[in-house]
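Let me begin by presenting the structure, written as C-alpha cells, before commenting on it.
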Amino acid sequence: MSQPLVRFNQLSLSFASEQGRVRAVQDVSFDVMPGQTVGIVGESGCGKSVTAMSLMGLLPPQAARIDGGEILFEGQNLLALRPSRMADLRGNQLAMIFQEPMSALNPVLTIGEQLVEPLIRHLGDSPKAAWTKATALLSEVGLARADSLMNSYPHQLSGGMLQRVMIAMALSCKPKLLIADEPTTALDVTVQAQILTLLREQAQRQQMALMLITHDLGVIAQMADHVVVMYAGKIVEQGPTADVLRNPLHPYTQGLIASRPVPGERRRRLYSIPGQVPDLAALPPYCAFTERCARATDRCREGIPLLAGNTRQAACFFSGLAQSELTAVPQPEPQQ
Amino acid sequence: MLSSLFSSQRRLRKAQIPALAQVTPSPLHQAWTALRRNRLAMFCLMLLVVMGLWCIFGPMFSPWRDEATDALMINKAPNDQHWLGTDFLGRDIYTRLLLAGRISLIIGLLTMLLSVTLGYLLGALSGYAGGMTDKIVMRFADLMMTIPSLPLLIVMGAMLSELDFSPDSRVYMVIIMLSLLEAPKLARLVRGQILSLRERDFMLATQVLGLSSRRRIFGHLLPNTVPILVVMATMAVANAILSESALSYLGLGVVPPMASWGNMMDAANSLIDFQRRPWLWMPPGIAIFLTVVAINVLGDGLRDALDPKMKRG
C-alpha cells in the first residue's frame, strides 16, 4: 500500500466561545490517498468545513486551538509548519474552492488579474507568461471566449462560470490535493452536474486527490471513492462509498440515507432524523447521537463508542463491528 | 483611474489591454456611466466646475483689485460699475467674492486631501492590524469625536490668534486644524469598511492562494475601498467649506485682509448691514449654500453610482 497523501491523525480542535470551549473536531482520523476522492458528509456544524480549514491552516489563530493530533501531508505535519512554508504550499500543492464563487472572487479586479496571482506567486512566471497560461486554463475548464473573459469582472459572469474560474485558479499550479467545500451548493442543478463532471475529469487527468465536502449524498455517490460521515465533530462512519451507502452501519448514516428523496417514488413525507444537532459546547459524556437515535438503549448512555473496524469503520455499539469491549471512558473536559 | 493605482497588475493591464479587442469597462468607469445618467448630480458637478473656473479666472477680468479701497464708494448698492456693490472700505464685492471663493475652495480641497489621507491611513491601519493598534487609534478617534467640533474649533482658532500668524500662513493652519478634526471620523468609516472587507470570502481566497500580506492588502483589499473613498472625499470638501465658513464668520478662521466667504458674511453681524445692505452678506451666503448643496448632491449621486448592490448591465 502506498503512502497516503494526507493523513489526519487523531485531530482534535476547539474554539473559544462564551459558553466555553466548543469542541468542533474530535479525534478525527482518515487518510486521503494520492488521486483518491474522499467525500466528507454531515449536517451543518458537524465539523466538516473546520476539518478542511485546519488542513489549509486557515483557522483564526486567536479563536481556534488544536487540542491534539496531527495532519500529515506527504509525511510532514502541517500543523507544525512555519506560516511562510504553509503559504508556499497553499495555492500550490494544496488548493481549495469555496461554496460561493460569487463572493470568492474580488469584485473590483478582472478575472485575469486574479487568475495570474498564483502563477506569479508560486511558479514565478512573468506577468505576461502567466496571462497566456491563465487564458489557456480558462479554456481548459470549458469556458469559451477565454480572451475576453480574462478582462471581465466577476459580476459579468454567471455562478457556474465563476465556479469554473475558481477551479481554474485552484488547478493553476497543479495541486496534489484539491479541497472542494460544498462546490455546488450555490449553483443550480444542471450546472451542479457540469461542475462535478469537470472536477472529476480534472482530478483524474492530473492525478489529483480531491477532498469533497458536502451534505449531499447524491454528490458523494457520484464522485467519492471513500466516504467519511461526521456527526457533532466526530467521524461516526467511514469506508468505501459503495459499501457505506449500500450498507450503512451507523444509525446516523442510515438516517441520512433514509431522508433523501427518491426520484419517482411518491411518499407523503420525507423522513427526517428527529431532534437536532447537540450543542458542541456541552456534549454529553456518551454517544452524541443517542438522543436522536431510534435504537438507543441504556448501553448508549454509558460511554462513547469508539470508531471500530478496519477499512470499514463505524462508531456505534450496534454496528456489528464487535466493539462492545471498546467502550471509551468519558473524556475529561479540556481545560479552558 | 484610482483603482488602477492600487491594482496589483496595473503594469500587466497596460501591456495587455491594447492587444485585446474587447475591453471591459472597469467598475469605476461604469460608475461614471451611471453618474452621467443622474441629471441632478451632473448639473451639480457642472455648477461646481463653473464656479471653480469662475473663481480662478474671474478676478483676472475684473477691473477692481482686492485691496483697492475707495473712501468715496463705501457701502454702495450694486450698480453698473460694482455689480455686487461695495463694502465698508469701498472694495468691490464681486471681485472679493471670487477671491474668497478661491480661498474657500482651496481650503475645502486641501483639507479634504489631508484629512482623507490621514483618516484613510489610520483607518486602514487600525482595521487591518486590529488588536492594540486598533484600540489606540479608535480610542483617540472617540476622544476627538466626543468633543463637539465647534467649541474645539473656537478654542483652536483663538490659539491661532494668540500665536499671531500672518493672514497668509493662517490659512494653512486653518487647513491643518480642520483636517485634524475631520480625520478621526473618516478613520472610523474606513476602519469599518476594512473590517467587513477583511472577512469577505475573496480575502480568504487570496489566503488560500498563498499570497503575501502585502499583495493581499494592496492588490485585493484596498481597491475595494475606492468607492467609499471617493464618496468620503467629496463629502469632506463640503464639510471643510462649512467649518471654515463658520470659523471665519466668528473671526477665528481666515482673517482680513484675506477674504473668505465666511469672513465676508461677518457683515451680517451688524444690524444695520443686515437690514439695509443685503449685498454685503447675501452673495457669500448664496455662494456657500450653492457650493455645499452641490457637493452634497454630487456626493449622494456618487454613492448611488458606486453602490455595489446596484445592478449594472
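Going through the C-alpha cells in order, the chains are called A, B, and so on, while each chain numbers its residues from 1 and the ligands are numbered from 1 in the order shown.
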Enumerate, as a ChimeraX atom specification, the complete set of residues in range 122-286 of chain A that a backbone-based DSSP assignment places in alpha helix (DSSP H). /A:122-123,127-140,146-150,159-171,189-205,217-223,241-246,251-258
With a distance threshold of 6 Å and counting only C-alpha atoms, extract the residues of chain B near chain A and express them as a list of chain:residue names.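 Result, ordered by chain then number: B:Thr24, B:Asp201, B:Phe202, B:Ala205, B:Val208, B:Leu209, B:Gly210.
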Out of A:Thr37, A:Gln26, A:Gln254, A:Asn9, which residue has the shortest atom-to-atom distance to Ala288 in chain A when counting only C-alpha atoms?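 Result for the nearest residue to Ala288 in chain A: A:Gln26.
Of the residues in range 241-321 of chain A, those that DSSP places in strand (DSSP E) on the basis of the backbone are Ala308, Gly309, Gln313 and Ala314 of chain A.
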Any chance you could export the current selection's N, CA and C atoms as a PDB file, in the first residue's frame?
ATOM      1  N   ALA A 308     -14.658   1.693  15.313  1.00  0.00           N
ATOM      2  CA  ALA A 308     -14.086   0.359  15.238  1.00  0.00           C
ATOM      3  C   ALA A 308     -14.113  -0.137  13.809  1.00  0.00           C
ATOM      4  N   GLY A 309     -13.290  -1.119  13.555  1.00  0.00           N
ATOM      5  CA  GLY A 309     -13.279  -1.696  12.219  1.00  0.00           C
ATOM      6  C   GLY A 309     -12.014  -1.327  11.494  1.00  0.00           C
ATOM      7  N   GLN A 313     -15.282   1.451   8.985  1.00  0.00           N
ATOM      8  CA  GLN A 313     -15.323   1.796  10.403  1.00  0.00           C
ATOM      9  C   GLN A 313     -16.647   2.428  10.778  1.00  0.00           C
ATOM     10  N   ALA A 314     -17.093   2.155  11.987  1.00  0.00           N
ATOM     11  CA  ALA A 314     -18.291   2.817  12.489  1.00  0.00           C
ATOM     12  C   ALA A 314     -18.153   2.981  13.989  1.00  0.00           C
TER      13      ALA A 314
END
Excluding Gly233 in chain A and its own-chain neighbours fewer than 4 positions away, which residues fall within 12 Å of it when counting only C-alpha atoms? Please give them as number ranges by chain. A: 10-15, 22-29, 40-51, 228-229, 277-281, 283, 287-289
Would you list the contacts of Pro167 in chain B as an MDAnalysis selection string, taking every protein, DNA or RNA residue within 6 Å and counting only C-alpha atoms, but skipping same-chain residues closer than 2 positions in sequence? chainID B and resid 169:170 255
Rank nothing, just name the residue among B:Met232, B:Ile241, B:Leu48, B:Val226 nearest to Gly108 in chain B, using only C-alpha atoms.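 Checking each of B:Met232, B:Ile241, B:Leu48, B:Val226 against Gly108 in chain B, counting only C-alpha atoms, the winner is B:Ile241.
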Quick one: residues within 10 Å of Leu114 in chain B, only C-alpha atoms counted, chain neighbours fewer than 5 positions away excluded, as number ranges by chain? B: 109, 119-120, 175-176, 178-180, 182-183
File dump, residues just selected, C-alpha atoms, as a CSV table (one decimal), in the first residue's frame:
chain,number,residue,atom,x,y,z
B,109,LEU,CA,-9.8,70.7,-1.3
B,119,GLY,CA,-8.1,59.3,8.0
B,120,TYR,CA,-7.6,56.6,5.4
B,175,ILE,CA,-6.5,73.7,6.9
B,176,ILE,CA,-4.4,71.6,9.3
B,178,LEU,CA,-9.9,71.3,10.1
B,179,SER,CA,-8.1,68.2,8.8
B,180,LEU,CA,-7.2,67.0,12.3
B,182,GLU,CA,-12.2,65.6,10.3
B,183,ALA,CA,-9.7,62.7,10.1
Fewer than 5 positions away in the same chain doesn't count, so skip those; otherwise give me all residues within 9 Å of Val244 in chain A, counting only C-alpha atoms, as a PyMOL selection string. chain A and resi 226-227+237-239+249+253+312
How about saving the chosen residues, C-alpha atoms kept, as a CSV table (one decimal), in the first residue's frame?
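The new file out.csv reads:
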chain,number,residue,atom,x,y,z
A,226,HIS,CA,-14.2,6.8,0.1
A,227,VAL,CA,-16.7,8.5,2.4
A,237,GLU,CA,-18.6,6.0,10.0
A,238,GLN,CA,-16.2,5.7,7.1
A,239,GLY,CA,-15.4,3.3,4.3
A,249,LEU,CA,-23.7,0.6,9.8
A,253,THR,CA,-25.8,7.3,8.2
A,312,ARG,CA,-14.9,-0.1,7.2
Report, in Å with one decimal, the straight-line distance from CA of Asp266 in chain B to CA of Ala246 in chain B.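 Going from CA of Asp266 in chain B over to CA of Ala246 in chain B covers 9.9 Å.
Each of A:Ile71, A:Leu245, A:Leu177, A:Ala221 was compared to Phe30 in chain A using only C-alpha atoms, and A:Ile71 turns out to be the nearest.
Every protein, DNA or RNA residue with an atom at most 7 Å from Thr86 in chain B, where only C-alpha atoms count and chain neighbours fewer than 4 positions away do not, is listed here: Met73, Ile74, Asn75, Lys76, Ala77, His82, Gly90, Arg91, Asp92 and Ile93 of chain B.
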Would you mind exporting C-alpha atoms of the selected residues as a JSON list (two decimals), in the first residue's frame?
[["chain", "number", "residue", "atom", "x", "y", "z"],
["B", 73, "MET", "CA", -17.58, 104.48, -2.71],
["B", 74, "ILE", "CA", -18.36, 102.99, 0.68],
["B", 75, "ASN", "CA", -21.28, 100.59, 1.11],
["B", 76, "LYS", "CA", -22.72, 101.31, -2.31],
["B", 77, "ALA", "CA", -25.56, 99.16, -3.56],
["B", 82, "HIS", "CA", -19.69, 97.48, -8.97],
["B", 90, "GLY", "CA", -15.23, 100.62, -0.79],
["B", 91, "ARG", "CA", -13.88, 97.32, -2.10],
["B", 92, "ASP", "CA", -15.68, 95.64, -4.97],
["B", 93, "ILE", "CA", -17.80, 92.82, -3.57]]
At what distance in Å, to one decimal, does CA of Ala294 in chain A lie from CA of Phe317 in chain A?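 CA of Ala294 in chain A lies 13.3 Å from CA of Phe317 in chain A.
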